[in-house]
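J.: Sharing a structure below in structure tokens format, with a few things to ask.
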Amino acid sequence: MKNEKLKLISEEGIRIDGRKLEELRPLRIEIGVLDKSDGSAYVELGKTKIFAAVFGPREVHPKHLALPDRAILNCRYHMTSFSVDERKPLGMTRREIELSKVIREALESVVFLEEFPRTSIDVYVEVIQADGGTRTAGLTAASLALAEAGIPMADLVAAVAVGKVEGHLVLDLCDIEDKYGEADMPIAMAPRLNSIVLLQLNGRLTKEEFRKALELAKKGIMEIYQKQRDALRKKYSEVSLMEV
Amino acid sequence: MPLYFSEREIVLPGQLLSDDSKRSGEGTYVLGSRVYASTLGFATVKNDKVCVIPFKGAYNPQPGDKVIGIVIDVKPNGFEVSLGRHLTATIKIPDKKEVQALNLKVGEVIYAFVKESGLRGVFLEGGEKIKKITSGLLVSMHPSKIPRLIGRRGSMINMIKKETGCDMIVGRNGLIVIRGPSPTNEFAAVSAIKLVEKEAHSQGLTERVENLIKSILGGGVESEE
Amino acid sequence: MSISQMKKSLTARIVQEKIYNLLMQGKRLDGRSPTDIRPINIVTGLVEKADGSALVSMGGTKILVGIKTEVGSPYPDRPREGSFTVNAELLPLASISFEPGPPDERGVELARVVDRSIRESRCIDLEKLCLIEGEKAYILFIDIYVLDYDGNYYDPSTIAVLAALATARIPRYEVVNGKLQKTGEYFNLQLQSLPFTITFGIIKERFLVDPQIEEESALDVSLIIGVDEKDNVVSIQKNSPGLIPENLLEQMIETASEKTKTIRQKFCEALNIGK
């Protein structure tokens, strides 16, 4: 180990990648990128790069797994082997299994599953490069893919991570801030409903810090939410008026 | 009561549409006493209800719909028919002789009517209402775009048929069979369908489709080689 | 893992008949001629964390490839060489017919066919990947992901692997006081050959190249042929049940030789390689 400690935030409050404390990384959103799915989206948040695709509602196989009163929502969060610094072995890690579950539950909170009994809706999130905030960017992408697939839901889901790095609360942690910071708190919201659909904390925050971190996350989420809506509208903007 | 959208505005899930919960129609939901969009699509008012016409979405079979399907299983008391990638329908025929008389094999394409659709699944009419399709080019398009392909009182589909010289059978489930005098004519019809699917909601589509067909066929309908 | 047959989607008979009838007239569903390949698009360097990466589309089929390097022990029988392994996964995003889970037999076959072309054409100079004879060598992990599947994932996978290899910057390591460390420098692989593959579909006595998805389901049998820039045949795989008329083989090899030239030219243009 080297003696000098890694400095993540400068005296002036500038972060290691040049951002201010409350600044998101550049966000790029594309809708409808994978033709064979029913809905898809690509989200780039800084160097975090993610594809999401949705299939369904479709018949459940085997049939006995179907639910009589609503659709089953399946979700797989997966990372390519080269998405991280050290090559990830093939197959699902425990982390990927956990994230698949929390992402699924976040989406289940907004999708009107009862409109499609005995069917399944399958959501696939594929991380092609991970630089922090993959579950939140994955959710942002997945909700866009669901919307494009025409799946009814109460709201879009927008998500971001907040955290504490060298004593400062920061928005949208990149990988190195996540690794060496004191706390990482991914949050996903259905902004229109003023509700939280995913919330995790890894690290330590005082109650006061938690309250401030939540406020900061909300600010980032509203910014992402706006960009999601812009991207969806833009996708259909040429699609002006129907001729009938 | 005010509406919070202009007619045919593109709306997104969660977008506020109206304050009157009684006016909640298709593609919307009520929260508190207000109406919000649940689906991505055009907002409109239909029979005094606020509705969203989705850009995409699963095909929801209605009794009387004409559909095109592929036989995927033959059983003693009927058939199973695929109506596209997400949907399977059943044809129930109590009389075994009648099943045999239809002489349908796995992989064959039929044209049929929806009898009922509900929690127990989708059922098609049996008997004489089933027509076997023995040749043609089978193409698929998104079911939500089928009304656009047909057009007002069949204007779009009739124009495509006339300009390409092809016979076309359109299934409400998104499968279409094309039979034309030559591969070029059929290719023109397929290209027309692709353009309708891609630009279903844009203005001046009929004219653009017509121009596309003309550019492919070079002005005249090709005859059999 | 299952080694039983994968479920094949059912195709309507009239589709098969149509494809055959068109082929008899030298035509295809999408307007191509039997020996036309679909448009190819190559983007490299999308994944900065990989040592090399490429996103390639061939018509509607999209493939993502990334390369990671590790340092390990050379094989005892090849103490002066590094090594590489190829893996492939058919992601469930790509098609309704791909299931989540470990690579099934199709993924394994894809990886092995691509591996064969690269290995047999001696594309990578493995001796250059040796660090200390008999002790340390570079190992390249080449991972293929099928992102969008509209038929024939073999040919674009090979293109993507070669594009990732050609543009890879491999971190150089050194051993100081018995410890392995990065020097901070990078080196290029300088490929020794460019072996591309062509996938053939055969219906009765006719063949076509680069089948798209509807055609794939109507084929009697399919065959993949890899050819390098010296016109050597470097890999062959019959990858479906069915009968290949013997008299077609020579013609297919000729076509593969010709069509891989087309791909090679596009590849070099896209990557700015003066080959």
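Order determines the names: the first chain of the structure tokens is A, the second B, and so forth; residues in each chain are numbered 1 upward, and ligands are numbered 1 upward as they are shown.
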Can you list, as a list in words, every protein, DNA or RNA residue that comes within 9 Å of Pro245 (chain C) when you count only C-alpha atoms, leaving out same-chain residues fewer than 2 positions away?
T.: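 Residues near the query, excluding close chain neighbours: Ile202, Lys204, Glu205, Leu243, Asn247, Leu248 and Leu249 of chain C.
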J.: List the neighbours of Lys129 (chain B) out to 8 Å using only C-alpha atoms; skip same-chain residues closer than 3 positions along the sequence, and give me the result as an mmCIF file with N, CA and C atoms, in the first residue's frame.
T.:
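To be explicit, this is the file written out as selection28.cif:
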```cif
data_model
loop_
_atom_site.group_PDB
_atom_site.id
_atom_site.type_symbol
_atom_site.label_atom_id
_atom_site.label_comp_id
_atom_site.auth_asym_id
_atom_site.auth_seq_id
_atom_site.Cartn_x
_atom_site.Cartn_y
_atom_site.Cartn_z
ATOM 1 N N ALA B 112 -59.352 -18.108 -38.887
ATOM 2 C CA ALA B 112 -60.477 -18.515 -38.035
ATOM 3 C C ALA B 112 -61.036 -17.320 -37.280
ATOM 4 N N PHE B 113 -62.124 -17.557 -36.554
ATOM 5 C CA PHE B 113 -62.770 -16.493 -35.777
ATOM 6 C C PHE B 113 -62.648 -16.784 -34.284
ATOM 7 N N GLU B 125 -63.697 -20.518 -33.144
ATOM 8 C CA GLU B 125 -64.847 -21.232 -33.691
ATOM 9 C C GLU B 125 -64.358 -22.463 -34.447
ATOM 10 N N GLY B 126 -65.091 -23.567 -34.332
ATOM 11 C CA GLY B 126 -64.719 -24.767 -35.076
ATOM 12 C C GLY B 126 -65.530 -24.861 -36.358
#
```
J.: With a cut-off of 7 Å and counting only C-alpha atoms, select all residues of chain B in contact with chain A and give the selection as JSON, numbers by chain.
T.: {"B": [8, 10, 13, 14, 38, 39, 40, 54, 55, 56, 57, 58, 86, 87, 152, 199, 201, 202, 203]}
J.: Within 12 Å of Ile157 (chain B), counting only C-alpha atoms, which residues qualify if same-chain residues fewer than 4 places away don't, as JSON, numbers by chain?
T.: {"B": [146, 147, 148, 149, 150, 151, 152, 153, 161, 162, 163, 164, 165, 166, 167, 168, 169, 170, 176, 178, 189, 190, 192, 193, 196, 206, 209, 210]}
J.: Take the residues that were just selected and, keeping C-alpha atoms, output them as a short mmCIF file (atom, residue, chain, number, x, y, z; two decimals), in the first residue's frame.
T.:
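Result file is result03.cif:
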```
data_model
loop_
_atom_site.label_atom_id
_atom_site.label_comp_id
_atom_site.auth_asym_id
_atom_site.auth_seq_id
_atom_site.Cartn_x
_atom_site.Cartn_y
_atom_site.Cartn_z
CA ILE B 146 -53.41 -3.73 -37.50
CA PRO B 147 -56.21 -1.11 -37.42
CA ARG B 148 -53.83 1.30 -39.12
CA LEU B 149 -52.97 -1.27 -41.79
CA ILE B 150 -56.66 -1.69 -42.49
CA GLY B 151 -57.28 2.05 -42.38
CA ARG B 152 -60.56 3.89 -42.32
CA ARG B 153 -63.16 1.66 -43.96
CA LYS B 161 -53.90 -4.60 -52.53
CA LYS B 162 -54.67 -2.54 -55.61
CA GLU B 163 -51.20 -1.05 -56.04
CA THR B 164 -49.31 -4.31 -55.48
CA GLY B 165 -51.78 -6.59 -57.20
CA CYS B 166 -51.58 -8.90 -54.16
CA ASP B 167 -54.33 -10.67 -52.33
CA MET B 168 -53.98 -10.14 -48.58
CA ILE B 169 -55.59 -11.84 -45.61
CA VAL B 170 -55.20 -9.86 -42.38
CA ILE B 176 -50.92 -11.48 -42.49
CA ILE B 178 -49.90 -12.22 -48.89
CA ALA B 189 -46.62 -5.49 -50.13
CA VAL B 190 -44.27 -6.55 -47.32
CA ALA B 192 -45.68 -1.40 -47.39
CA ILE B 193 -46.64 -3.30 -44.22
CA VAL B 196 -47.14 1.18 -41.87
CA THR B 206 -51.20 6.54 -47.20
CA VAL B 209 -46.96 3.92 -48.70
CA GLU B 210 -48.30 4.39 -52.20
#
```
J.: Calculate how many Å separate CA of Glu11 (chain A) from CA of Gly184 (chain C), rounding to one decimal.
T.: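 So the answer is 28.6 Å.
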J.: So the first atom is CA of Lys207 (chain A) and the second is CA of Thr136 (chain A); what is the distance between them in Å, to one decimal place?
T.: 22.7 Å
J.: Quick check for you: according to DSSP on this backbone, which residues of region 3-220 of chain B are classed as strand (DSSP E or B)? Reply as a ChimeraX atom specification.
T.: /B:3,10-11,16-18,24,28-31,34-37,41-46,49-54,66-75,78-82,88-92,109-118,121-124,131-133,137-140,167-170,175-179
J.: Mind checking which residues fall within 10 Å of Pro94 (chain B), counting only C-alpha atoms, ignoring those fewer than 3 positions away in the same chain, and posting them as a PDB file with N, CA and C atoms, in the first residue's frame?
T.:
```
ATOM      1  N   PRO B  76     -57.526 -35.339 -29.971  1.00  0.00           N
ATOM      2  CA  PRO B  76     -58.737 -36.056 -30.382  1.00  0.00           C
ATOM      3  C   PRO B  76     -59.967 -35.143 -30.439  1.00  0.00           C
ATOM      4  N   ASN B  77     -59.988 -34.126 -29.555  1.00  0.00           N
ATOM      5  CA  ASN B  77     -61.181 -33.271 -29.509  1.00  0.00           C
ATOM      6  C   ASN B  77     -60.901 -31.844 -29.964  1.00  0.00           C
ATOM      7  N   GLY B  78     -59.925 -31.691 -30.819  1.00  0.00           N
ATOM      8  CA  GLY B  78     -59.703 -30.346 -31.350  1.00  0.00           C
ATOM      9  C   GLY B  78     -58.248 -30.053 -31.653  1.00  0.00           C
ATOM     10  N   ILE B  91     -59.151 -24.877 -30.239  1.00  0.00           N
ATOM     11  CA  ILE B  91     -60.392 -25.125 -30.979  1.00  0.00           C
ATOM     12  C   ILE B  91     -60.969 -26.409 -30.404  1.00  0.00           C
ATOM     13  N   LYS B  97     -64.963 -37.306 -35.512  1.00  0.00           N
ATOM     14  CA  LYS B  97     -65.000 -37.417 -36.978  1.00  0.00           C
ATOM     15  C   LYS B  97     -64.814 -36.047 -37.624  1.00  0.00           C
ATOM     16  N   GLU B  98     -65.398 -35.079 -36.957  1.00  0.00           N
ATOM     17  CA  GLU B  98     -65.290 -33.722 -37.492  1.00  0.00           C
ATOM     18  C   GLU B  98     -63.841 -33.226 -37.424  1.00  0.00           C
ATOM     19  N   VAL B  99     -63.153 -33.605 -36.353  1.00  0.00           N
ATOM     20  CA  VAL B  99     -61.737 -33.249 -36.224  1.00  0.00           C
ATOM     21  C   VAL B  99     -60.957 -33.836 -37.384  1.00  0.00           C
ATOM     22  N   GLY B 126     -65.091 -23.567 -34.332  1.00  0.00           N
ATOM     23  CA  GLY B 126     -64.719 -24.767 -35.076  1.00  0.00           C
ATOM     24  C   GLY B 126     -65.530 -24.861 -36.358  1.00  0.00           C
TER      25      GLY B 126
END
```
J.: Would you kindly return, as a list in words, each protein, DNA or RNA residue with an atom no farther than 7 Å from any atom of region 122-126 of chain A, considering only C-alpha atoms and excluding same-chain residues fewer than 5 positions away?
T.: Ile50, Phe51, Ala52, Ala53, Val54, Phe55, Gly56, Leu73, Asn74, Cys75, Arg76, Tyr77, His78, Met79, Gly138 and Ala142 of chain A; Leu93 of chain C
J.: For the contact check between chain B and chain C, emit one row per residue of chain B within 7 Å, containing the shortest atom pair and the distance in Å rounded to one decimal, counting only C-alpha atoms, chain then rising number order, as JSON lines.
T.:
```
{"residue": "B:Ile70", "atom": "CA", "partner": "C:Ala12", "partner_atom": "CA", "distance": 6.1}
{"residue": "B:Gly107", "atom": "CA", "partner": "C:Ala12", "partner_atom": "CA", "distance": 4.5}
{"residue": "B:Glu108", "atom": "CA", "partner": "C:Arg13", "partner_atom": "CA", "distance": 5.7}
{"residue": "B:Val109", "atom": "CA", "partner": "C:Ala12", "partner_atom": "CA", "distance": 6.4}
{"residue": "B:Thr134", "atom": "CA", "partner": "C:Ile14", "partner_atom": "CA", "distance": 6.5}
{"residue": "B:Ser135", "atom": "CA", "partner": "C:Ile14", "partner_atom": "CA", "distance": 5.4}
{"residue": "B:Gly136", "atom": "CA", "partner": "C:Ile14", "partner_atom": "CA", "distance": 6.5}
{"residue": "B:Leu137", "atom": "CA", "partner": "C:Lys18", "partner_atom": "CA", "distance": 6.3}
{"residue": "B:Leu138", "atom": "CA", "partner": "C:Val15", "partner_atom": "CA", "distance": 6.2}
```
J.: Just checking: using only C-alpha atoms, which residue out of C:Leu110, C:Ile213, C:Ala270, C:Val175 ends up closest to chain A?
T.: C:Ile213
J.: Please find the residues of chain A near chain C - the criterion being any atom within 7 Å, counting only C-alpha atoms - and write them as a list in words.
T.: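 Close enough to count are Leu34, Asp35, Lys36, Ser37, Ala53, Phe82, Ser83, Val84, Asp85, Arg87, Gly91, Tyr124 and Gln129 of chain A.
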J.: Do you have the CA of Leu173 (chain A)-CA of Leu6 (chain A) distance handy?
T.: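 A separation of 15.9 Å between them.
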J.: Please list as a list in words every residue within 6 Å of region 20-36 of chain B, counting only C-alpha atoms and excluding residues in the same chain fewer than 3 positions away.
T.: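 Final neighbour list, sorted by chain and number: Gly14, Gln15, Leu16, Leu17, Thr39, Lys49, Val50, Cys51 and Val52 of chain B.
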J.: Rank nothing, just name the residue among B:Ser18, B:Gln62, B:Ser191, B:Asn47 nearest to Val114 (chain B), using only C-alpha atoms.
T.: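 Looking at the shortest contact to Val114 (chain B), the residue is B:Gln62.
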J.: Which neighbours of Leu180 (chain C) fall inside 12 Å, counting only C-alpha atoms, when residues of the same chain fewer than 6 positions from it are skipped, and could you give them as a PyMOL selection string?
T.: chain C and resi 70-72+131-132+135-138+172-174
J.: Using C-alpha atoms, can you write the selected residues to a file as a PDB file, in the first residue's frame?
T.:
```
ATOM      1  CA  GLU C  70      -5.189 -12.293 -16.744  1.00  0.00           C
ATOM      2  CA  VAL C  71      -1.749 -13.631 -15.995  1.00  0.00           C
ATOM      3  CA  GLY C  72      -1.463 -17.322 -15.135  1.00  0.00           C
ATOM      4  CA  LEU C 131       5.841 -13.584 -19.902  1.00  0.00           C
ATOM      5  CA  ILE C 132       8.305 -15.998 -18.236  1.00  0.00           C
ATOM      6  CA  GLU C 135       5.972 -19.872 -15.364  1.00  0.00           C
ATOM      7  CA  LYS C 136       3.903 -16.881 -16.375  1.00  0.00           C
ATOM      8  CA  ALA C 137       1.850 -16.128 -19.444  1.00  0.00           C
ATOM      9  CA  TYR C 138      -1.096 -13.959 -20.474  1.00  0.00           C
ATOM     10  CA  ARG C 172       1.757  -5.226 -19.839  1.00  0.00           C
ATOM     11  CA  TYR C 173       2.901  -6.982 -16.684  1.00  0.00           C
ATOM     12  CA  GLU C 174       6.354  -7.552 -15.248  1.00  0.00           C
TER      13      GLU C 174
END
```
J.: Could you write out, as a PyMOL selection string, all the residues of region 34-156 of chain C that DSSP marks as helix (DSSP H, G or I)?
T.: chain C and resi 105-120+126-129+154-156
J.: Could you write out that same residue set with N, CA and C atoms as a tab-separated table (two decimals), in the first residue's frame?
T.:
```tsv
chain	number	residue	atom	x	y	z
C	105	GLU	N	-26.29	-25.86	-25.05
C	105	GLU	CA	-25.42	-26.44	-26.08
C	105	GLU	C	-25.19	-25.50	-27.26
C	106	ARG	N	-26.17	-24.64	-27.55
C	106	ARG	CA	-25.98	-23.72	-28.67
C	106	ARG	C	-24.87	-22.70	-28.37
C	107	GLY	N	-24.87	-22.19	-27.12
C	107	GLY	CA	-23.85	-21.23	-26.72
C	107	GLY	C	-22.46	-21.86	-26.75
C	108	VAL	N	-22.40	-23.08	-26.24
C	108	VAL	CA	-21.10	-23.79	-26.20
C	108	VAL	C	-20.61	-24.03	-27.63
C	109	GLU	N	-21.52	-24.43	-28.50
C	109	GLU	CA	-21.13	-24.68	-29.89
C	109	GLU	C	-20.63	-23.39	-30.55
C	110	LEU	N	-21.35	-22.30	-30.33
C	110	LEU	CA	-20.93	-21.01	-30.90
C	110	LEU	C	-19.50	-20.67	-30.45
C	111	ALA	N	-19.25	-20.79	-29.14
C	111	ALA	CA	-17.93	-20.45	-28.62
C	111	ALA	C	-16.85	-21.32	-29.25
C	112	ARG	N	-17.16	-22.60	-29.38
C	112	ARG	CA	-16.14	-23.52	-29.89
C	112	ARG	C	-15.87	-23.33	-31.38
C	113	VAL	N	-16.91	-22.99	-32.13
C	113	VAL	CA	-16.71	-22.77	-33.57
C	113	VAL	C	-15.85	-21.51	-33.78
C	114	VAL	N	-16.16	-20.44	-33.03
C	114	VAL	CA	-15.37	-19.22	-33.16
C	114	VAL	C	-13.93	-19.49	-32.72
C	115	ASP	N	-13.79	-20.18	-31.61
C	115	ASP	CA	-12.47	-20.55	-31.07
C	115	ASP	C	-11.64	-21.25	-32.15
C	116	ARG	N	-12.28	-22.19	-32.84
C	116	ARG	CA	-11.59	-22.99	-33.83
C	116	ARG	C	-11.01	-22.13	-34.96
C	117	SER	N	-11.84	-21.19	-35.47
C	117	SER	CA	-11.35	-20.33	-36.57
C	117	SER	C	-10.13	-19.54	-36.12
C	118	ILE	N	-10.22	-18.96	-34.92
C	118	ILE	CA	-9.15	-18.12	-34.40
C	118	ILE	C	-7.89	-18.95	-34.18
C	119	ARG	N	-8.08	-20.14	-33.57
C	119	ARG	CA	-6.95	-20.98	-33.21
C	119	ARG	C	-6.27	-21.55	-34.44
C	120	GLU	N	-7.06	-22.13	-35.34
C	120	GLU	CA	-6.47	-22.86	-36.45
C	120	GLU	C	-5.84	-21.92	-37.48
C	126	LEU	N	0.61	-16.64	-30.00
C	126	LEU	CA	0.57	-17.04	-28.59
C	126	LEU	C	1.94	-16.92	-27.92
C	127	GLU	N	3.00	-16.99	-28.70
C	127	GLU	CA	4.33	-16.87	-28.10
C	127	GLU	C	4.56	-15.47	-27.54
C	128	LYS	N	3.92	-14.50	-28.19
C	128	LYS	CA	4.04	-13.13	-27.70
C	128	LYS	C	3.33	-12.95	-26.36
C	129	LEU	N	2.48	-13.91	-26.02
C	129	LEU	CA	1.73	-13.81	-24.76
C	129	LEU	C	2.45	-14.51	-23.60
C	154	TYR	N	-23.33	-16.73	-35.81
C	154	TYR	CA	-21.93	-17.18	-35.97
C	154	TYR	C	-21.05	-16.13	-36.65
C	155	ASP	N	-21.49	-15.68	-37.82
C	155	ASP	CA	-20.63	-14.79	-38.61
C	155	ASP	C	-20.38	-13.46	-37.89
C	156	PRO	N	-21.43	-12.79	-37.35
C	156	PRO	CA	-21.14	-11.54	-36.63
C	156	PRO	C	-20.32	-11.77	-35.35
```
